[in-house]
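Data first, discussion second: the structure below is written as structure tokens.
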Amino acid sequence: MADEENGSVSERYNSSMEESIGESSRWVLQDDISSMESIDHHYNYNYKDDDDDDLPLRNGMDSEDEEDNGRLIRTGPLIDSLDVETLEVSGAGQRNDFEDVTFMKSVKLAFQTLGVVFGDVGTSPLYTFSVMFSRAPIDGKEDIIGALSLVIYTLILIPLIKYVLVVLWANDDGEGGTFALYSLICRHAKVSLLPNQLTSDARISTFKLKVPSAELERSLKIKERLEASLGLKKLLLMLVLAGTSMVIADGVVTPAMSVMSAVRGLKVGLPMVEEDHVVMISVAYLIVLFSVQRIGTSKIGLALGPVLFLWFCSLGGIGIYNLVKHDSSVLKAFNPIHIYYYFKRNPTKAWYSLGGCLLCATGSEAMFADLCYFSVGAIQLIFTFLVLPCLLLGYLGQAAYLMNNNGDAKQPFFSSIPVATFWPVFLIANIAALIASRTMTTATFSCVKQSIALGCFPRLKIIHTSRKFMGQIYIPVINWFLLASAVLLVYFIASTDEIGNAYGVAEIGVMMMSTILVILVMLLIWQINIILVLSFSALFLGLEVVFVSSVLWGIRDGSWLILVFAVVVFFIMYIWNYGSKLKYETEVKKKMSMDVMRQLGSNLGTVRAPGIGLLYNELVKGVPTIFGQFLATLPAVHSMVIFVCIKYVPVPFVPPNERFLFRRVCPKSYHIFRCIARYGYKDVHRENHQIFEQLLIESLEKFIRREAKERSLESDRDDDTDSEDESPHVLLDPSGTVYSLGAPLLSKYKNKTSKRPVISEPSTSREPEKDPNNSAQDKSLENELAILHMAKESGIVYLLGHVSIRARKDSWFIKKLAINYFYAFLRRNCRRGIATLSVPHTRLMEVAITHMV
């Protein structure tokens with residue numbers, strides 16, 4: 001059965017590769033396009049010294065991406081790839097989840113959207129007025145009208161205009177959140193602090209760039225400024241980390257606030273219920289909520305979507321009932337002049353109430369962060385025509401109740417429910433509160449995964465809960481960490497007023513970071529009129545600064561805990577990013593020289609062992625120093641070596657047929673290759689080592705065949721040929737026997753190897769080929785394919801290197817503390833980078849090396 005499954009996998013892969021090979025391509029002389037600023041090539045057919053430390057990086061390109069002038073090159077998208085992820089996960093690397101949707105599927109999608117995206121903002125009527133009027137007590141009916149007008153226009157300005165109409169469009173190919181914005185910016189400007197960008201990355205089909213416009217000149221100036229300033233790059237990264245830390249903090253306070261507000265309704269229906277009972281029931285709710293978090297988002301969304309639909313209908317129905325029964329004059333709150341009157345009567349009280357008013361817009365960032373689950377259009381339609389009208393009716397109804405009940409604002413929502421429907425609505429409200437808590441938790445998972453992929457968070461175990469929808473994930477460590485934090489918050493800060501202020505602190509922090517990043521997107525990517533950008537900036541940054549001043553005034557209560565939590569998360573992310581950057585830069589500086597590679601045999605007594613060695617490393621160019629550590633520890637190298645680099649590019653998904661690139665690292669006789677595996681920050685990793693090995697060998701064989709074919713085309717078109725040193729490279733085993741690097745060291749092939757002439761590289765004299773039929777090249781191709789098959793039969797071994805860093809003795813104390821203790825602690829306790837591969841332990845070789853930085 002396994003063989004049949006592997007065979008079907010191979011057939012599917014081969015068919016997809018044949019289709020990609022059939023794509024049209026164009027051959028030109030490089031001299032004809034020398035005027036182009038940059039050109040990308042997927043292959044380098046002749047070995048070059050690509051790790052010369054004296055040569056600086058140029059636009060993220062090393063010499064592996066270059067060709068000699070005058071050579072025939074291919075300008076079409078020549079693809080050398082293998083598919084690993086999509087063989088197990090349907091729809092990987094594609095964004096076609098919402099195409100060809102029938103009516104029934106549209107209804108199903110609408111319910112899922114309600115159950116996942118709008119739970120947070122939908123439950124805000126449970127606590128907005130109670131927190132708002134606890135901070136600024138009601139002093140007459142005009143205060144109720146003014147506060148209601150403030151809530152109405154906060155809902156219109158922040159969730160509707162800012163997020164639904166503007167921010168949702170700043171998505172990264174359907175992905176939302178602060179890190180999606182950062183990835184989008186990194187794709188258009190080289191602002192990433194990790195120097196592993198390659199020109200070939202821009203050839204990925206999902207690497208979509210903005211078409212030049214009339215505002216291009218301003219955009220280019222901003223781009224140049226960002227790329228030239230290290231300080232601006234660090235500032236941008238810190239803004240992103242701060243925004244993400246606030247999202248995670250929001251994931252703690254949202255469940256605490258939503259659940260406690262819903263459970264507190266018991267005190268209205270059952271006056272004998274004490275505050276301790278509310279706390280105990282809330283803790284039980286939280287435990288149940290986070291325990292079922294492992295269940296897929298689409299399953300939960302479909303199951304709870306109808307409940308949330310009933311919740312919004314209940315909000316609208318109760319609001320209409322209260323307007324008719326109590327006081328419909330609250331409708332005049334739609335006139336914004338009442339906001340002016342509200343502040344004029346008592347500016348300090350009105351300003352202080354802004355912290356509570358902000359709670360009506362909670363969940364706005366969750367709409368953006370959860371965008372990966374649904375389409376922009378679905379979210380816009382449902383919010384505009386269902387969610388927003390029901391929310392407005394709910395707030396109008398509460399205000400009408402307060403107008404007719406002397407401002408009894410302790411529990412305005414539950415007090416305004418008709419007696420006959422109290423318990424059904426109470427049940428629906430509690431379920432809606434659980435859904436709201438889950439909404440922010442899924443958004444937190446999404447942001448954490450994006451930050452892990454971009455090297456800004458320690459690696460954690462990620463479970464994909466859906467085979468159809470790629471973005472639906474579950475992170476166990478984050479889930480239980482959020483549970484513990486939420487329980488502590490409920491237990492130690494039982495007051496919803498204090499938790500509400502903490503909620504405002506986390507929410508406004510995320511909003512401000514998103515606003516700044518969207519402004520940068522407007523200038524750099526959208527390239528829209530500067531007047532529109534200034535208007536957006538003045539309106540929303542000004543509004544959010546006012547909200548920030550209000551919530552920070554109440555930081556003296558227990559809400560300061562959420563700031564401490566966010567600072568701790570920011571510290572973890574910054575230390576991890578700082579240590580990872582130092583580690584990568586050190587590996588780049590200390591990579592092996594090609595002079596050492598040429599002299600492996602004579603100086604180190606290195607032998608070629610049978611088989612294929614897959615050496616995993618982080619370098620996209622050059623020979624990693626860990627390879628030298630392997631040779632120093634065990635002076636042997638496999639007959640074929642492949643340096644595998646798993647690299648994340650600033651796109652959500654990399655199509656399977658564009659994921660893998662192969663290049664030669666050394667002269668052809670060495671049989672050493674580099675494979676760059678490119679993934680997006682939302683790609684799934686469910687690799688099976690058997691399928692991985694099979695597809696890797698098939699892809700490498702196709703690369704070798706195409707290389708030989710294109711060499712033949714080049715020799716037919718150009719009399720000048722590039723060359724390598726004709727002298728064969730040899731290695732000595734410990735007994736002194738001489739072996740050629742051109743063949744694997746298998747005893748049963750020793751005689752065959754000694755009789756077979758070694759196929760050397762063309763000479764350095766740049767003379768044209770003597771044989772017009774390219775018989776030597778055909779013989780070289782057959783020889784290399786035979787070596788590949790021999791090595792495959794001998795087995796594949798995974799060579800894993802553990803590279804660690806420590807601060808030098810003369811380093812600053814803060815650097816020693818950060819690297820030697822904090823970063824080292826995080827590396828020891830995070831998930832190993834190679835843990836996604838189910839490699840048998842009998843085929844692992846590991847070695848460690850420590851660099852001083």
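How things are named: the first chain in the structure tokens is A, the next is B, and so on; residues count from 1 in each chain; ligands count from 1 in the order shown.
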Using only C-alpha atoms, tabulate the residues of segment 299-407 of chain A lying at most 10 Å from any atom of segment 114-127 of chain A, each with its closest atom pair and that distance in Å to one decimal, by chain and increasing residue number, as a Markdown table.
| residue | atom | partner | partner_atom | distance |
| --- | --- | --- | --- | --- |
| A:Lys299 | CA | A:Gly115 | CA | 9.7 |
| A:Ile300 | CA | A:Gly115 | CA | 7.3 |
| A:Gly301 | CA | A:Gly115 | CA | 4.3 |
| A:Leu302 | CA | A:Gly115 | CA | 6.7 |
| A:Ala303 | CA | A:Gly115 | CA | 7.8 |
| A:Leu304 | CA | A:Gly115 | CA | 5.4 |
| A:Gly305 | CA | A:Gly115 | CA | 4.0 |
| A:Pro306 | CA | A:Gly115 | CA | 7.7 |
| A:Val307 | CA | A:Gly115 | CA | 8.0 |
| A:Leu308 | CA | A:Gly115 | CA | 6.2 |
| A:Phe309 | CA | A:Leu114 | CA | 6.9 |
| A:Trp311 | CA | A:Gly122 | CA | 8.2 |
| A:Phe312 | CA | A:Gly122 | CA | 7.2 |
| A:Leu315 | CA | A:Pro125 | CA | 8.6 |
| A:Gly356 | CA | A:Tyr127 | CA | 8.6 |
| A:Cys357 | CA | A:Tyr127 | CA | 9.9 |
| A:Leu358 | CA | A:Ser124 | CA | 9.8 |
| A:Leu359 | CA | A:Ser124 | CA | 6.4 |
| A:Cys360 | CA | A:Ser124 | CA | 5.2 |
| A:Ala361 | CA | A:Val121 | CA | 6.3 |
| A:Thr362 | CA | A:Val121 | CA | 5.3 |
| A:Gly363 | CA | A:Val121 | CA | 4.5 |
| A:Ser364 | CA | A:Val121 | CA | 6.7 |
| A:Glu365 | CA | A:Val121 | CA | 9.6 |
| A:Ala366 | CA | A:Val117 | CA | 6.7 |
| A:Met367 | CA | A:Val117 | CA | 5.4 |
| A:Phe368 | CA | A:Val117 | CA | 8.7 |
| A:Ala369 | CA | A:Val117 | CA | 9.0 |
| A:Asp370 | CA | A:Val117 | CA | 6.2 |
| A:Leu371 | CA | A:Val117 | CA | 8.0 |
| A:Tyr373 | CA | A:Val116 | CA | 8.4 |
| A:Phe374 | CA | A:Val117 | CA | 8.7 |
| A:Ile379 | CA | A:Val117 | CA | 8.0 |
| A:Ile382 | CA | A:Leu114 | CA | 8.0 |
| A:Phe383 | CA | A:Phe118 | CA | 8.0 |
| A:Leu386 | CA | A:Leu114 | CA | 9.8 |
| A:Val387 | CA | A:Gly122 | CA | 7.1 |
| A:Leu388 | CA | A:Gly122 | CA | 8.8 |
| A:Cys390 | CA | A:Gly122 | CA | 8.8 |
| A:Leu391 | CA | A:Gly122 | CA | 7.0 |
| A:Leu392 | CA | A:Pro125 | CA | 9.4 |
| A:Gly394 | CA | A:Pro125 | CA | 6.9 |
| A:Tyr395 | CA | A:Pro125 | CA | 6.6 |
| A:Gln398 | CA | A:Pro125 | CA | 8.6 |
Find the residues of segment 235-258 of chain A that sit at most 10 Å from segment 275-294 of chain A; for each, write down the nearest two atoms and how far apart they are in Å, to one decimal. Count only C-alpha atoms. Sort by chain, then by number going up, and give it as a tab-separated table.
residue	atom	partner	partner_atom	distance
A:Pro255	CA	A:Leu286	CA	7.1
A:Ala256	CA	A:Leu286	CA	7.8
A:Met257	CA	A:Ser282	CA	9.7
A:Ser258	CA	A:Ser282	CA	9.5
Output N, CA and C atoms for every residue in the selection just made, as a compact mmCIF listing (two decimals), in the first residue's frame.
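Dumped everything to result.txt:
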# COMPACT_ATOMS: atom_id res chain seq x y z
N PRO A 255 -11.52 37.27 26.86
CA PRO A 255 -12.32 36.23 27.52
C PRO A 255 -12.73 36.63 28.93
N ALA A 256 -11.81 37.27 29.68
CA ALA A 256 -12.14 37.65 31.05
C ALA A 256 -13.30 38.63 31.08
N MET A 257 -13.24 39.65 30.21
CA MET A 257 -14.28 40.68 30.22
C MET A 257 -15.61 40.16 29.69
N SER A 258 -15.58 39.43 28.60
CA SER A 258 -16.82 38.95 28.00
C SER A 258 -17.54 37.97 28.91
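Taking atom CA of Leu520 of chain A as the reference point, atom CA of Ile185 of chain A is found at 8.0 Å.
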Identify which of the residues A:Lys162, A:Pro667, A:Glu714, A:Met440 lies closest to Asn479 of chain A, counting only C-alpha atoms when measuring atom-to-atom distances.
A:Met440
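Distances here use only C-alpha atoms; by that measure, the residue among A:Leu532, A:Ile849, A:Ala429, A:Ala453 closest to Gly628 of chain A is A:Ile849.
By only C-alpha atoms, and with residues fewer than 3 positions from segment 138-141 of chain A along its chain excluded, the set lying at most 9 Å from it is Phe133, Ser134, Ile144, Ile145, Gly146, Leu402, Met403, Asn406, Gly407, Asp408 and Ala409 of chain A.
Atom pair atom CA of Leu181 of chain A / atom CA of Lys233 of chain A: separated by 14.2 Å.
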I want to know what sits within 12 Å of Met238 of chain A, based on only C-alpha atoms, with residues of the same chain fewer than 3 positions away left out; could you give that as a list in words?
Thr178, Phe179, Tyr182, Ser192, Leu193, Gly231, Leu232, Lys233, Lys234, Leu235, Leu241, Ala242, Gly243, Thr244, Ser245, Cys456, Met513, Leu517, Val567, Phe570, Phe571, Met573, Tyr574, Ile575, Asn577 and Tyr578 of chain A
For segment 676-682 of chain A, list every protein, DNA or RNA residue within 7 Å, evaluated using only C-alpha atoms, and leave out those in the same chain fewer than 3 positions away; present the list as number ranges by chain.
A: 450, 453-454, 471, 620, 644-654, 659-662
So which bits of segment 306-347 of chain A end up alpha helix (DSSP H) when you DSSP the backbone, as a ChimeraX atom specification?
/A:306-325,337-345,347
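Residues in contact with Val548 of chain A at up to 9 Å, not including ones fewer than 6 positions away on its chain and judged by only C-alpha atoms, are Gly355, Gly504, Val505, Ile508 and Gly509 of chain A.
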Dump as a CSV table (one decimal), in the first residue's frame, selection limited to C-alpha atoms:
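Everything below was put into out_14.csv:
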chain,number,residue,atom,x,y,z
A,355,GLY,CA,-12.2,54.8,28.1
A,504,GLY,CA,-9.3,49.5,26.6
A,505,VAL,CA,-5.5,49.7,27.1
A,508,ILE,CA,-6.3,51.1,21.7
A,509,GLY,CA,-2.6,49.9,21.6
Spatial neighbours of Met246 of chain A, max dist 6 Å, only C-alpha atoms, sep filter under 4 positions, as a VMD selection string
chain A and resid 250 506 510 566
Take the residues from that selection and write them out as a compact mmCIF listing (two decimals), in the first residue's frame, keeping all heavy atoms.
# COMPACT_ATOMS: atom_id res chain seq x y z
N ASP A 250 -4.71 41.33 24.33
CA ASP A 250 -6.15 41.37 24.06
C ASP A 250 -6.76 39.98 24.15
O ASP A 250 -7.91 39.81 24.57
CB ASP A 250 -6.38 41.95 22.66
CG ASP A 250 -7.66 42.76 22.60
OD1 ASP A 250 -8.40 42.78 23.60
OD2 ASP A 250 -7.93 43.38 21.56
N ALA A 506 -5.41 47.52 25.99
CA ALA A 506 -4.94 46.57 24.98
C ALA A 506 -5.52 46.91 23.61
O ALA A 506 -4.81 46.86 22.60
CB ALA A 506 -5.33 45.15 25.39
N VAL A 510 -3.42 48.20 20.00
CA VAL A 510 -3.45 47.51 18.70
C VAL A 510 -3.93 48.46 17.62
O VAL A 510 -3.39 48.49 16.50
CB VAL A 510 -4.36 46.27 18.79
CG1 VAL A 510 -4.41 45.56 17.45
CG2 VAL A 510 -3.88 45.33 19.86
N ALA A 566 1.80 42.82 28.34
CA ALA A 566 2.19 43.18 26.97
C ALA A 566 3.68 43.47 26.88
O ALA A 566 4.33 43.11 25.89
CB ALA A 566 1.37 44.39 26.50
What separation in Å, quoted to one decimal, exists between atom CA of Ala443 of chain A and atom CA of Ile463 of chain A?
14.8 Å
